[in-house]
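> The structure follows.
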Amino acid sequence: MLENTTLAPASVHGATTPREARAQQFKVMALKMRRNTSAMIGLVLLILIFAAAIFAPWLATHDYTTQDLANRLAMPSAAHWLGTDELGRDIYSRLLYGGRITLYIACLTALISAPIGLVVGVVSGYFGGWIDMILMRITDIFLALPSLILALAFVAALGPSIENAIIAISLASWPPIARLARTETMMIRKTDYIAAVRLQGASSWHILLHHIVPTCIPSVIVRLTLNITSIILSAAGLGFLGLGAQPPSPEWGAMLSSARQFILSNGHIAAAPGIMILLTSIAFNLVGDGLRDVLNPRQE
């Protein structure tokens with residue numbers, strides 16, 4: 001079977017096996033990523049945010065559910081590094097555990113929406129005809145509504161919870177990936193090496209699984225990384241409206257919602273989760289931009 005020659009740039013010349021070629025290509029991409037200052041800043045931020053969420057039980061200074069009404073709305077101090085909320089709970093500890101929930105929603109949503117969009121896109125772009133028409137009209141219906149509005153509708157029907165929020169955001173997040181995968185597939189299926197593989201007797205599903213899908217994956221990864229920002233904002237929006245994580249879960253959007261009435265008098269309560277949402281979104285965007293430059297075959 002012919003190898004996908006479009007994935008073997010000049011940088012892998014000299015390799016004697018496909019494994020060596022892939023290893024050399026990975027080294028080249030890693031070097032390009034290291035040279036991208038903004039992408040490295042975003043990557044460092046993401047590592048710190050994920051590490052803080054993973055090691056929250058060891059980094060937290062208080063139990064995030066413990067209430068201390070006598071010390072409510074306290075300003076940052078040595079005892080409470082970021083102050084306390086309206087129920088006297090430690091904001092710093094709640095931020096750490098809230099990161100677990102937000103990143104859990106974002107990552108699981110990405111893992112659900114990416115395969116759906118990839119499958120719909122490659123099948124639609126490869127087979128064309130009435131299959132393409134039906135799948136793309138379904139995609140257009142989902143794209144016609146803003147993702148947050150669509151997620152709100154699904155959560156309202158399913159009921160407020162983290163699991164239902166993940167399902168709702170996933171159903172609203174796959175259409176852009178499907179569009180991208182379809183465009184990539186329509187270009188790839190016309191290439192000479194796909195025609196050669198087809199002449200050798202390979203089935204359509206073999207071509208899809210072994211040649212088209214692997215070629216589309218880098219573009220999908222880049223798009224998914226950039227989409228995580230909107231996923232995080234949608235999760236925070238659902239939490240803010242009380243349709244995502246439920247009390248006493250310290251989800252960042254829910255923390256913003258409970259702090260909105262104290263913004264003028266105790267702004268630090270709302271500032272902490274707001275800044276974390278902002279930093280996480282910026283970090284994913286920076287990494288996504290870097291991956292787009294690294295994985296783009298037209299970049300030399």
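Labels for the structure tokens follow display order: chains A, B, ..., residues from 1 in each chain, ligands from 1.
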Find the residues of region 159-273 of chain A that sit at most 12 Å from region 138-154 of chain A; for each, write down the nearest two atoms and how far apart they are in Å, to one decimal. Count only C-alpha atoms. Sort by chain, then by number going up, and give it as a tab-separated table.


```
residue	atom	partner	partner_atom	distance
A:Gly159	CA	A:Phe154	CA	8.3
A:Pro160	CA	A:Phe154	CA	9.7
A:Ser161	CA	A:Phe154	CA	11.5
A:Glu163	CA	A:Phe154	CA	11.7
A:Asn164	CA	A:Phe154	CA	8.0
A:Ala165	CA	A:Ala151	CA	7.4
A:Ile166	CA	A:Ala151	CA	9.1
A:Ile167	CA	A:Phe154	CA	8.2
A:Ala168	CA	A:Ala151	CA	4.8
A:Ile169	CA	A:Ala151	CA	5.3
A:Ser170	CA	A:Ala151	CA	8.4
A:Leu171	CA	A:Ala151	CA	7.5
A:Ala172	CA	A:Ser147	CA	5.2
A:Ser173	CA	A:Ser147	CA	6.9
A:Trp174	CA	A:Thr139	CA	8.6
A:Pro175	CA	A:Thr139	CA	5.5
A:Pro176	CA	A:Leu143	CA	7.7
A:Ile177	CA	A:Thr139	CA	10.0
A:Ala178	CA	A:Thr139	CA	7.7
A:Arg179	CA	A:Thr139	CA	8.0
A:Leu180	CA	A:Thr139	CA	11.6
A:Arg182	CA	A:Thr139	CA	11.2
A:Asn227	CA	A:Ser147	CA	11.1
A:Ser230	CA	A:Ser147	CA	8.6
A:Ile231	CA	A:Leu148	CA	9.0
A:Ile232	CA	A:Leu148	CA	10.8
A:Leu233	CA	A:Leu148	CA	8.7
A:Ser234	CA	A:Leu148	CA	5.7
A:Ala235	CA	A:Leu148	CA	8.8
A:Ala236	CA	A:Leu148	CA	10.3
A:Gly237	CA	A:Leu148	CA	7.8
A:Leu238	CA	A:Leu152	CA	7.1
A:Gly239	CA	A:Leu152	CA	10.7
A:Phe240	CA	A:Leu152	CA	11.6
A:Leu241	CA	A:Leu152	CA	9.3
A:Gly242	CA	A:Leu152	CA	10.6
A:Leu243	CA	A:Leu152	CA	7.9
A:Gly244	CA	A:Leu152	CA	9.8
```

> Neighbours of region 267-282 of chain A within 7 Å (only C-alpha atoms; same-chain residues fewer than 6 positions away dropped), as a ChimeraX atom specification?

/A:46,85,95,229,252,255-256,259-260

> Kindly indicate which residue among A:Leu96, A:Val123, A:Ile194, A:Leu209 lies nearest to Ile49 (chain A), using only C-alpha atoms for the distances.

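Checking each of A:Leu96, A:Val123, A:Ile194, A:Leu209 against Ile49 (chain A), counting only C-alpha atoms, the winner is A:Leu96.
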
> What does the distance from CA of Gly83 (chain A) to CA of Phe284 (chain A) come to in Å, to one decimal?

27.6 Å

> I'd like the interatomic distance between CA of Gly99 (chain A) and CA of Asp63 (chain A), to a tenth of an Å.

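A separation of 15.0 Å between them.
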
> A:Phe55, A:Tyr104, A:Tyr64, A:Trp81: which is nearest Ala245 (chain A), counting only C-alpha atoms?

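Result for the nearest residue to Ala245 (chain A): A:Tyr104.
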
> Given only C-alpha atoms as the basis, pick out the residue of A:Leu103, A:Ala74, A:Val213, A:Met136 nearest to Ala51 (chain A).

A:Leu103

> Extract the full set of helix (DSSP H, G or I) residues from region 188-243 of chain A according to DSSP on the backbone, and format it as a PyMOL selection string.

chain A and resi 188+192-199+204-240

> Got a sec: who's within 9 Å of Ser219 (chain A), counting only C-alpha atoms, leaving out chain neighbours fewer than 2 positions off, as a list in words?

Leu180, Ala181, Glu184, Thr215, Cys216, Ile217, Ile221, Val222, Arg223, Leu224, Arg292, Leu295 and Asn296 of chain A

> Print the selection's residues with N, CA, C and O atoms to a file, as a PDB file, in the first residue's frame.


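part_20.pdb, freshly written:
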```pdb
ATOM      1  N   LEU A 180     -14.819  21.908   8.669  1.00  0.00           N
ATOM      2  CA  LEU A 180     -13.384  21.889   8.386  1.00  0.00           C
ATOM      3  C   LEU A 180     -12.959  20.538   7.819  1.00  0.00           C
ATOM      4  O   LEU A 180     -12.220  20.478   6.815  1.00  0.00           O
ATOM      5  N   ALA A 181     -13.407  19.440   8.434  1.00  0.00           N
ATOM      6  CA  ALA A 181     -13.040  18.105   7.963  1.00  0.00           C
ATOM      7  C   ALA A 181     -13.580  17.847   6.563  1.00  0.00           C
ATOM      8  O   ALA A 181     -12.912  17.208   5.735  1.00  0.00           O
ATOM      9  N   GLU A 184     -11.278  19.706   4.062  1.00  0.00           N
ATOM     10  CA  GLU A 184     -10.010  18.991   3.927  1.00  0.00           C
ATOM     11  C   GLU A 184     -10.191  17.719   3.103  1.00  0.00           C
ATOM     12  O   GLU A 184      -9.370  17.403   2.232  1.00  0.00           O
ATOM     13  N   THR A 215      -4.875  12.438   7.814  1.00  0.00           N
ATOM     14  CA  THR A 215      -4.462  13.711   7.243  1.00  0.00           C
ATOM     15  C   THR A 215      -5.295  14.867   7.789  1.00  0.00           C
ATOM     16  O   THR A 215      -4.796  15.993   7.906  1.00  0.00           O
ATOM     17  N   CYS A 216      -6.547  14.602   8.135  1.00  0.00           N
ATOM     18  CA  CYS A 216      -7.433  15.647   8.651  1.00  0.00           C
ATOM     19  C   CYS A 216      -7.202  15.927  10.141  1.00  0.00           C
ATOM     20  O   CYS A 216      -7.558  17.013  10.618  1.00  0.00           O
ATOM     21  N   ILE A 217      -6.652  14.964  10.849  1.00  0.00           N
ATOM     22  CA  ILE A 217      -6.524  15.093  12.304  1.00  0.00           C
ATOM     23  C   ILE A 217      -5.744  16.331  12.738  1.00  0.00           C
ATOM     24  O   ILE A 217      -6.165  17.035  13.672  1.00  0.00           O
ATOM     25  N   ILE A 221      -7.260  19.070  15.306  1.00  0.00           N
ATOM     26  CA  ILE A 221      -6.652  19.356  16.608  1.00  0.00           C
ATOM     27  C   ILE A 221      -6.489  20.855  16.803  1.00  0.00           C
ATOM     28  O   ILE A 221      -6.792  21.406  17.867  1.00  0.00           O
ATOM     29  N   VAL A 222      -6.007  21.535  15.756  1.00  0.00           N
ATOM     30  CA  VAL A 222      -5.836  22.988  15.849  1.00  0.00           C
ATOM     31  C   VAL A 222      -7.176  23.671  16.075  1.00  0.00           C
ATOM     32  O   VAL A 222      -7.308  24.539  16.958  1.00  0.00           O
ATOM     33  N   ARG A 223      -8.185  23.301  15.294  1.00  0.00           N
ATOM     34  CA  ARG A 223      -9.503  23.918  15.434  1.00  0.00           C
ATOM     35  C   ARG A 223     -10.090  23.620  16.804  1.00  0.00           C
ATOM     36  O   ARG A 223     -10.716  24.490  17.435  1.00  0.00           O
ATOM     37  N   LEU A 224      -9.887  22.407  17.293  1.00  0.00           N
ATOM     38  CA  LEU A 224     -10.423  22.035  18.593  1.00  0.00           C
ATOM     39  C   LEU A 224      -9.756  22.832  19.701  1.00  0.00           C
ATOM     40  O   LEU A 224     -10.420  23.270  20.651  1.00  0.00           O
ATOM     41  N   ARG A 292      -1.359  25.817  15.000  1.00  0.00           N
ATOM     42  CA  ARG A 292      -1.766  26.106  13.617  1.00  0.00           C
ATOM     43  C   ARG A 292      -0.550  26.393  12.746  1.00  0.00           C
ATOM     44  O   ARG A 292      -0.464  25.925  11.601  1.00  0.00           O
ATOM     45  N   LEU A 295       1.552  22.853  12.528  1.00  0.00           N
ATOM     46  CA  LEU A 295       0.934  21.750  11.789  1.00  0.00           C
ATOM     47  C   LEU A 295       0.497  22.117  10.392  1.00  0.00           C
ATOM     48  O   LEU A 295       0.020  21.253   9.658  1.00  0.00           O
ATOM     49  N   ASN A 296       0.619  23.388  10.018  1.00  0.00           N
ATOM     50  CA  ASN A 296       0.222  23.821   8.688  1.00  0.00           C
ATOM     51  C   ASN A 296       1.290  23.369   7.683  1.00  0.00           C
ATOM     52  O   ASN A 296       2.416  23.859   7.726  1.00  0.00           O
TER      53      ASN A 296
END
```

> Calculated over only C-alpha atoms, which of the candidates A:Ser203, A:Gln261, A:Ala114, A:Pro218 has the smallest distance to Asp293 (chain A)?

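Under the stated criterion, the closest residue is A:Pro218.
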
> Rank nothing, just name the residue among A:Ala283, A:Leu73, A:Leu111, A:Val155 nearest to Ile263 (chain A), using only C-alpha atoms.

A:Leu73

> Quick one: distance from CA of Thr61 (chain A) to CA of Ser93 (chain A) in Å, one decimal?

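Pair CA of Thr61 (chain A) / CA of Ser93 (chain A) returns 6.2 Å.
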